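One structure is given here, and the rest of the page talks about it.
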Amino acid sequence: MKRYALPLLAGLLAGAALFSPDAGALTPWLRWAGYLLAAWGASWPAPRLQWAPGFWAVFALWAVRAWWLHNPPGAAAEAWWALLAAGLGPVLAYFTTARGYDPHFDLVVPWVYGHLARRQGTRPHTLLRLAQVQPAHRVLDVGGGAGRTARYMEHARQVVVLDPSPFMLAEARRRERLQPVRGFAERLPFPAAAFDRVVIVDALHHMRDQQAALAEVWRVLAPGGRFVLEEPNPQHPVGRAIAWGERLLGMPSRFHTPEHLAAQFPHARRVHIEKDAWRAWIVVEKA
Ligand SMILES: C[S@@+](CC[C@H](N)C(=O)[O-])C[C@H]1O[C@@H](n2cnc3c(N)ncnc32)[C@H](O)[C@@H]1O
């Protein structure tokens, strides 16, 4: 709840300032701060659409305010202030957005995934069958987030959950047997051949440099080890709908066909693809 306190306070302040009629010398400044906060807030989680959401958010607010207060005096001058806020908000967002990963995973997403991670009954049967995790194994879940998947591998000797989002990892930290590590798939902070099993579940499409991430997975996988990659299948209508949904939310996701992903491991002893209705699993075995 603590992490929502500041944006909540800022939202309340912005709302009060925007919809107050003129009262004293302070309100125009407060109102400008309100527009700026609205532009900043709307742009913040959209790393590739930095401009558009902030711009439209401010003008929508400005129009609603003018309509609500029946075109208050000074509305024309205020349009210039709103324009300035619409320009500055996204710049502010650009400098305050987390670098190297999608900041959506610092927003309400951890709460959703944290809930899923704690709930019973979402056992990932196919992934577990394909990964064949044994008690002696060292397991790495790359982009493991809240530990939703890793918690089913807790019988292994070591289970590391790597993720760049501190908020997602805070959920994983609740489980005693999971070892959360903050980091990026593109630069795994582990020595070569450190893991017998590596999994990436529903996370590759969020990574900025997917080729570098897969090369890193190959490096940390021990000889005789196995890597299982789970992704939505963009060839299926549900997979395509997910891709569109994420685009609408401003997420910089990139999806690939299972065949394309399987072709990234030319040195593997064996690569095979398994599909269900809308997901695909690529299983890679290292010689
Ligand atoms: C949709 S969530 C899936 C989380 C988890 N694998 C699961 O199935 O519950 C995607 C995760 O990928 C993580 N992620 C995004 N970019 C990443 C990167 N460059 N390296 C590692 N993880 C990344 C996000 O922080 C997020 O936790």
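Chains: A, B, ... in order of the structure tokens. Residues: from 1 per chain. Ligands: from 1, in order shown.
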Write out as a PyMOL selection string all residues of range 60-253 of chain A that DSSP puts in alpha helix (DSSP H) for this structure's backbone.
chain A and resi 60-68+75-96+109-118+125-131+166-172+210-220+237-248
Put those residues in a file: C-alpha atoms, as a PDB file, in the first residue's frame.
```
ATOM      1  CA  ALA A  60      -8.960  15.858 -21.847  1.00  0.00           C
ATOM      2  CA  LEU A  61      -8.711  17.196 -18.268  1.00  0.00           C
ATOM      3  CA  TRP A  62      -8.573  20.760 -19.452  1.00  0.00           C
ATOM      4  CA  ALA A  63     -11.659  20.287 -21.643  1.00  0.00           C
ATOM      5  CA  VAL A  64     -13.593  18.515 -18.841  1.00  0.00           C
ATOM      6  CA  ARG A  65     -12.667  21.297 -16.429  1.00  0.00           C
ATOM      7  CA  ALA A  66     -13.793  24.036 -18.815  1.00  0.00           C
ATOM      8  CA  TRP A  67     -17.067  22.203 -19.367  1.00  0.00           C
ATOM      9  CA  TRP A  68     -17.561  21.446 -15.645  1.00  0.00           C
ATOM     10  CA  ALA A  75      -9.709  29.566 -19.624  1.00  0.00           C
ATOM     11  CA  ALA A  76      -7.884  30.649 -22.787  1.00  0.00           C
ATOM     12  CA  ALA A  77      -4.722  31.605 -20.855  1.00  0.00           C
ATOM     13  CA  GLU A  78      -4.954  28.356 -18.967  1.00  0.00           C
ATOM     14  CA  ALA A  79      -4.814  26.456 -22.254  1.00  0.00           C
ATOM     15  CA  TRP A  80      -1.218  27.709 -22.642  1.00  0.00           C
ATOM     16  CA  TRP A  81      -0.321  26.471 -19.170  1.00  0.00           C
ATOM     17  CA  ALA A  82      -1.918  23.149 -20.022  1.00  0.00           C
ATOM     18  CA  LEU A  83       0.119  22.994 -23.234  1.00  0.00           C
ATOM     19  CA  LEU A  84       3.318  23.597 -21.246  1.00  0.00           C
ATOM     20  CA  ALA A  85       2.361  20.886 -18.747  1.00  0.00           C
ATOM     21  CA  ALA A  86       1.524  18.479 -21.585  1.00  0.00           C
ATOM     22  CA  GLY A  87       5.026  19.038 -22.935  1.00  0.00           C
ATOM     23  CA  LEU A  88       6.932  18.907 -19.646  1.00  0.00           C
ATOM     24  CA  GLY A  89       5.061  15.941 -18.124  1.00  0.00           C
ATOM     25  CA  PRO A  90       6.338  13.388 -20.641  1.00  0.00           C
ATOM     26  CA  VAL A  91       9.902  14.770 -20.353  1.00  0.00           C
ATOM     27  CA  LEU A  92       9.657  14.289 -16.588  1.00  0.00           C
ATOM     28  CA  ALA A  93       8.284  10.786 -17.169  1.00  0.00           C
ATOM     29  CA  TYR A  94      11.165   9.970 -19.488  1.00  0.00           C
ATOM     30  CA  PHE A  95      13.713  10.742 -16.774  1.00  0.00           C
ATOM     31  CA  THR A  96      11.824   9.025 -13.955  1.00  0.00           C
ATOM     32  CA  VAL A 109       1.033  -5.766 -11.954  1.00  0.00           C
ATOM     33  CA  PRO A 110       2.983  -7.012  -8.868  1.00  0.00           C
ATOM     34  CA  TRP A 111      -0.234  -6.962  -6.881  1.00  0.00           C
ATOM     35  CA  VAL A 112      -1.979  -9.126  -9.510  1.00  0.00           C
ATOM     36  CA  TYR A 113       0.950 -11.546  -9.822  1.00  0.00           C
ATOM     37  CA  GLY A 114       1.483 -11.580  -6.056  1.00  0.00           C
ATOM     38  CA  HIS A 115      -2.124 -12.624  -5.662  1.00  0.00           C
ATOM     39  CA  LEU A 116      -1.703 -15.345  -8.293  1.00  0.00           C
ATOM     40  CA  ALA A 117       1.523 -16.513  -6.633  1.00  0.00           C
ATOM     41  CA  ARG A 118      -0.240 -16.959  -3.292  1.00  0.00           C
ATOM     42  CA  HIS A 125       1.424 -28.762 -15.354  1.00  0.00           C
ATOM     43  CA  THR A 126       2.985 -28.668 -18.826  1.00  0.00           C
ATOM     44  CA  LEU A 127       5.963 -26.585 -17.768  1.00  0.00           C
ATOM     45  CA  LEU A 128       6.678 -28.857 -14.787  1.00  0.00           C
ATOM     46  CA  ARG A 129       6.399 -32.007 -16.902  1.00  0.00           C
ATOM     47  CA  LEU A 130       8.813 -30.579 -19.479  1.00  0.00           C
ATOM     48  CA  ALA A 131      11.314 -29.132 -16.974  1.00  0.00           C
ATOM     49  CA  PRO A 166      11.887  -4.791  -7.071  1.00  0.00           C
ATOM     50  CA  PHE A 167       8.119  -4.819  -6.587  1.00  0.00           C
ATOM     51  CA  MET A 168       7.663  -8.171  -8.302  1.00  0.00           C
ATOM     52  CA  LEU A 169      10.599  -9.580  -6.304  1.00  0.00           C
ATOM     53  CA  ALA A 170       9.101  -8.328  -3.031  1.00  0.00           C
ATOM     54  CA  GLU A 171       6.316 -10.871  -3.590  1.00  0.00           C
ATOM     55  CA  ALA A 172       8.805 -13.680  -4.313  1.00  0.00           C
ATOM     56  CA  GLN A 210      15.827 -11.093 -26.434  1.00  0.00           C
ATOM     57  CA  GLN A 211      18.818 -12.484 -28.338  1.00  0.00           C
ATOM     58  CA  ALA A 212      21.212 -11.394 -25.597  1.00  0.00           C
ATOM     59  CA  ALA A 213      18.867 -12.915 -22.987  1.00  0.00           C
ATOM     60  CA  LEU A 214      18.794 -16.290 -24.759  1.00  0.00           C
ATOM     61  CA  ALA A 215      22.596 -16.213 -25.182  1.00  0.00           C
ATOM     62  CA  GLU A 216      22.915 -15.608 -21.429  1.00  0.00           C
ATOM     63  CA  VAL A 217      20.574 -18.506 -20.657  1.00  0.00           C
ATOM     64  CA  TRP A 218      22.749 -20.764 -22.808  1.00  0.00           C
ATOM     65  CA  ARG A 219      25.881 -19.588 -20.955  1.00  0.00           C
ATOM     66  CA  VAL A 220      24.560 -20.260 -17.431  1.00  0.00           C
ATOM     67  CA  PRO A 237      -5.947 -15.706 -32.117  1.00  0.00           C
ATOM     68  CA  VAL A 238      -5.616 -15.649 -28.291  1.00  0.00           C
ATOM     69  CA  GLY A 239      -1.866 -15.053 -28.615  1.00  0.00           C
ATOM     70  CA  ARG A 240      -2.537 -12.243 -31.086  1.00  0.00           C
ATOM     71  CA  ALA A 241      -5.153 -10.754 -28.722  1.00  0.00           C
ATOM     72  CA  ILE A 242      -2.569 -10.751 -25.893  1.00  0.00           C
ATOM     73  CA  ALA A 243      -0.077  -9.002 -28.172  1.00  0.00           C
ATOM     74  CA  TRP A 244      -2.673  -6.347 -29.078  1.00  0.00           C
ATOM     75  CA  GLY A 245      -3.766  -5.939 -25.445  1.00  0.00           C
ATOM     76  CA  GLU A 246      -0.190  -5.327 -24.319  1.00  0.00           C
ATOM     77  CA  ARG A 247       0.316  -2.852 -27.161  1.00  0.00           C
ATOM     78  CA  LEU A 248      -2.792  -0.956 -26.046  1.00  0.00           C
TER      79      LEU A 248
END
```
Write out, as a Markdown table, each residue of chain A that has an atom at most 9 Å from ligand 1, together with the closest pair of atoms and their distance in Å to one decimal, counting only C-alpha atoms and all ligand atoms, rows going by chain and rising number.
```
| residue | atom | partner | partner_atom_place_in_ligand_line | distance |
| --- | --- | --- | --- | --- |
| A:Gly100 | CA | ligand 1 | 19 (N) | 6.4 |
| A:Tyr101 | CA | ligand 1 | 16 (N) | 4.5 |
| A:Asp102 | CA | ligand 1 | 15 (C) | 5.7 |
| A:Pro103 | CA | ligand 1 | 25 (O) | 7.8 |
| A:His104 | CA | ligand 1 | 25 (O) | 8.0 |
| A:Phe105 | CA | ligand 1 | 25 (O) | 5.1 |
| A:Asp106 | CA | ligand 1 | 25 (O) | 7.6 |
| A:Val109 | CA | ligand 1 | 2 (S) | 8.1 |
| A:Pro110 | CA | ligand 1 | 27 (O) | 7.7 |
| A:Tyr113 | CA | ligand 1 | 9 (O) | 6.1 |
| A:Gly114 | CA | ligand 1 | 9 (O) | 8.5 |
| A:Leu116 | CA | ligand 1 | 9 (O) | 7.9 |
| A:Ala117 | CA | ligand 1 | 9 (O) | 7.3 |
| A:Asp141 | CA | ligand 1 | 6 (N) | 7.2 |
| A:Val142 | CA | ligand 1 | 21 (C) | 5.7 |
| A:Gly143 | CA | ligand 1 | 22 (N) | 3.3 |
| A:Gly144 | CA | ligand 1 | 6 (N) | 3.8 |
| A:Gly145 | CA | ligand 1 | 27 (O) | 3.5 |
| A:Ala146 | CA | ligand 1 | 9 (O) | 6.1 |
| A:Gly147 | CA | ligand 1 | 9 (O) | 6.2 |
| A:Arg148 | CA | ligand 1 | 9 (O) | 4.6 |
| A:Thr149 | CA | ligand 1 | 8 (O) | 5.8 |
| A:Ala150 | CA | ligand 1 | 6 (N) | 8.3 |
| A:Val161 | CA | ligand 1 | 6 (N) | 8.9 |
| A:Leu162 | CA | ligand 1 | 21 (C) | 6.5 |
| A:Asp163 | CA | ligand 1 | 22 (N) | 4.4 |
| A:Pro164 | CA | ligand 1 | 25 (O) | 5.3 |
| A:Ser165 | CA | ligand 1 | 25 (O) | 4.6 |
| A:Pro166 | CA | ligand 1 | 25 (O) | 8.2 |
| A:Phe167 | CA | ligand 1 | 25 (O) | 8.5 |
| A:Met168 | CA | ligand 1 | 27 (O) | 5.7 |
| A:Leu169 | CA | ligand 1 | 27 (O) | 7.8 |
| A:Arg182 | CA | ligand 1 | 21 (C) | 8.7 |
| A:Gly183 | CA | ligand 1 | 21 (C) | 6.6 |
| A:Phe184 | CA | ligand 1 | 20 (N) | 3.8 |
| A:Ala185 | CA | ligand 1 | 20 (N) | 3.8 |
| A:Glu186 | CA | ligand 1 | 19 (N) | 6.1 |
| A:Arg187 | CA | ligand 1 | 20 (N) | 8.3 |
| A:Leu188 | CA | ligand 1 | 20 (N) | 8.6 |
| A:Val199 | CA | ligand 1 | 6 (N) | 8.5 |
| A:Ile200 | CA | ligand 1 | 6 (N) | 6.1 |
| A:Val201 | CA | ligand 1 | 6 (N) | 4.3 |
| A:Asp202 | CA | ligand 1 | 3 (C) | 5.1 |
| A:Ala203 | CA | ligand 1 | 10 (C) | 4.0 |
| A:Leu204 | CA | ligand 1 | 12 (O) | 6.9 |
| A:His205 | CA | ligand 1 | 15 (C) | 8.1 |
| A:His206 | CA | ligand 1 | 15 (C) | 4.8 |
| A:Met207 | CA | ligand 1 | 19 (N) | 4.2 |
| A:Arg208 | CA | ligand 1 | 19 (N) | 5.8 |
| A:Asp209 | CA | ligand 1 | 19 (N) | 7.2 |
| A:Gln210 | CA | ligand 1 | 19 (N) | 8.1 |
| A:Ala213 | CA | ligand 1 | 20 (N) | 7.4 |
| A:Glu230 | CA | ligand 1 | 8 (O) | 8.7 |
```
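For the atom pair formed by CA of Val139 in chain A and CA of Ala192 in chain A, the distance is 13.6 Å, given to one decimal.
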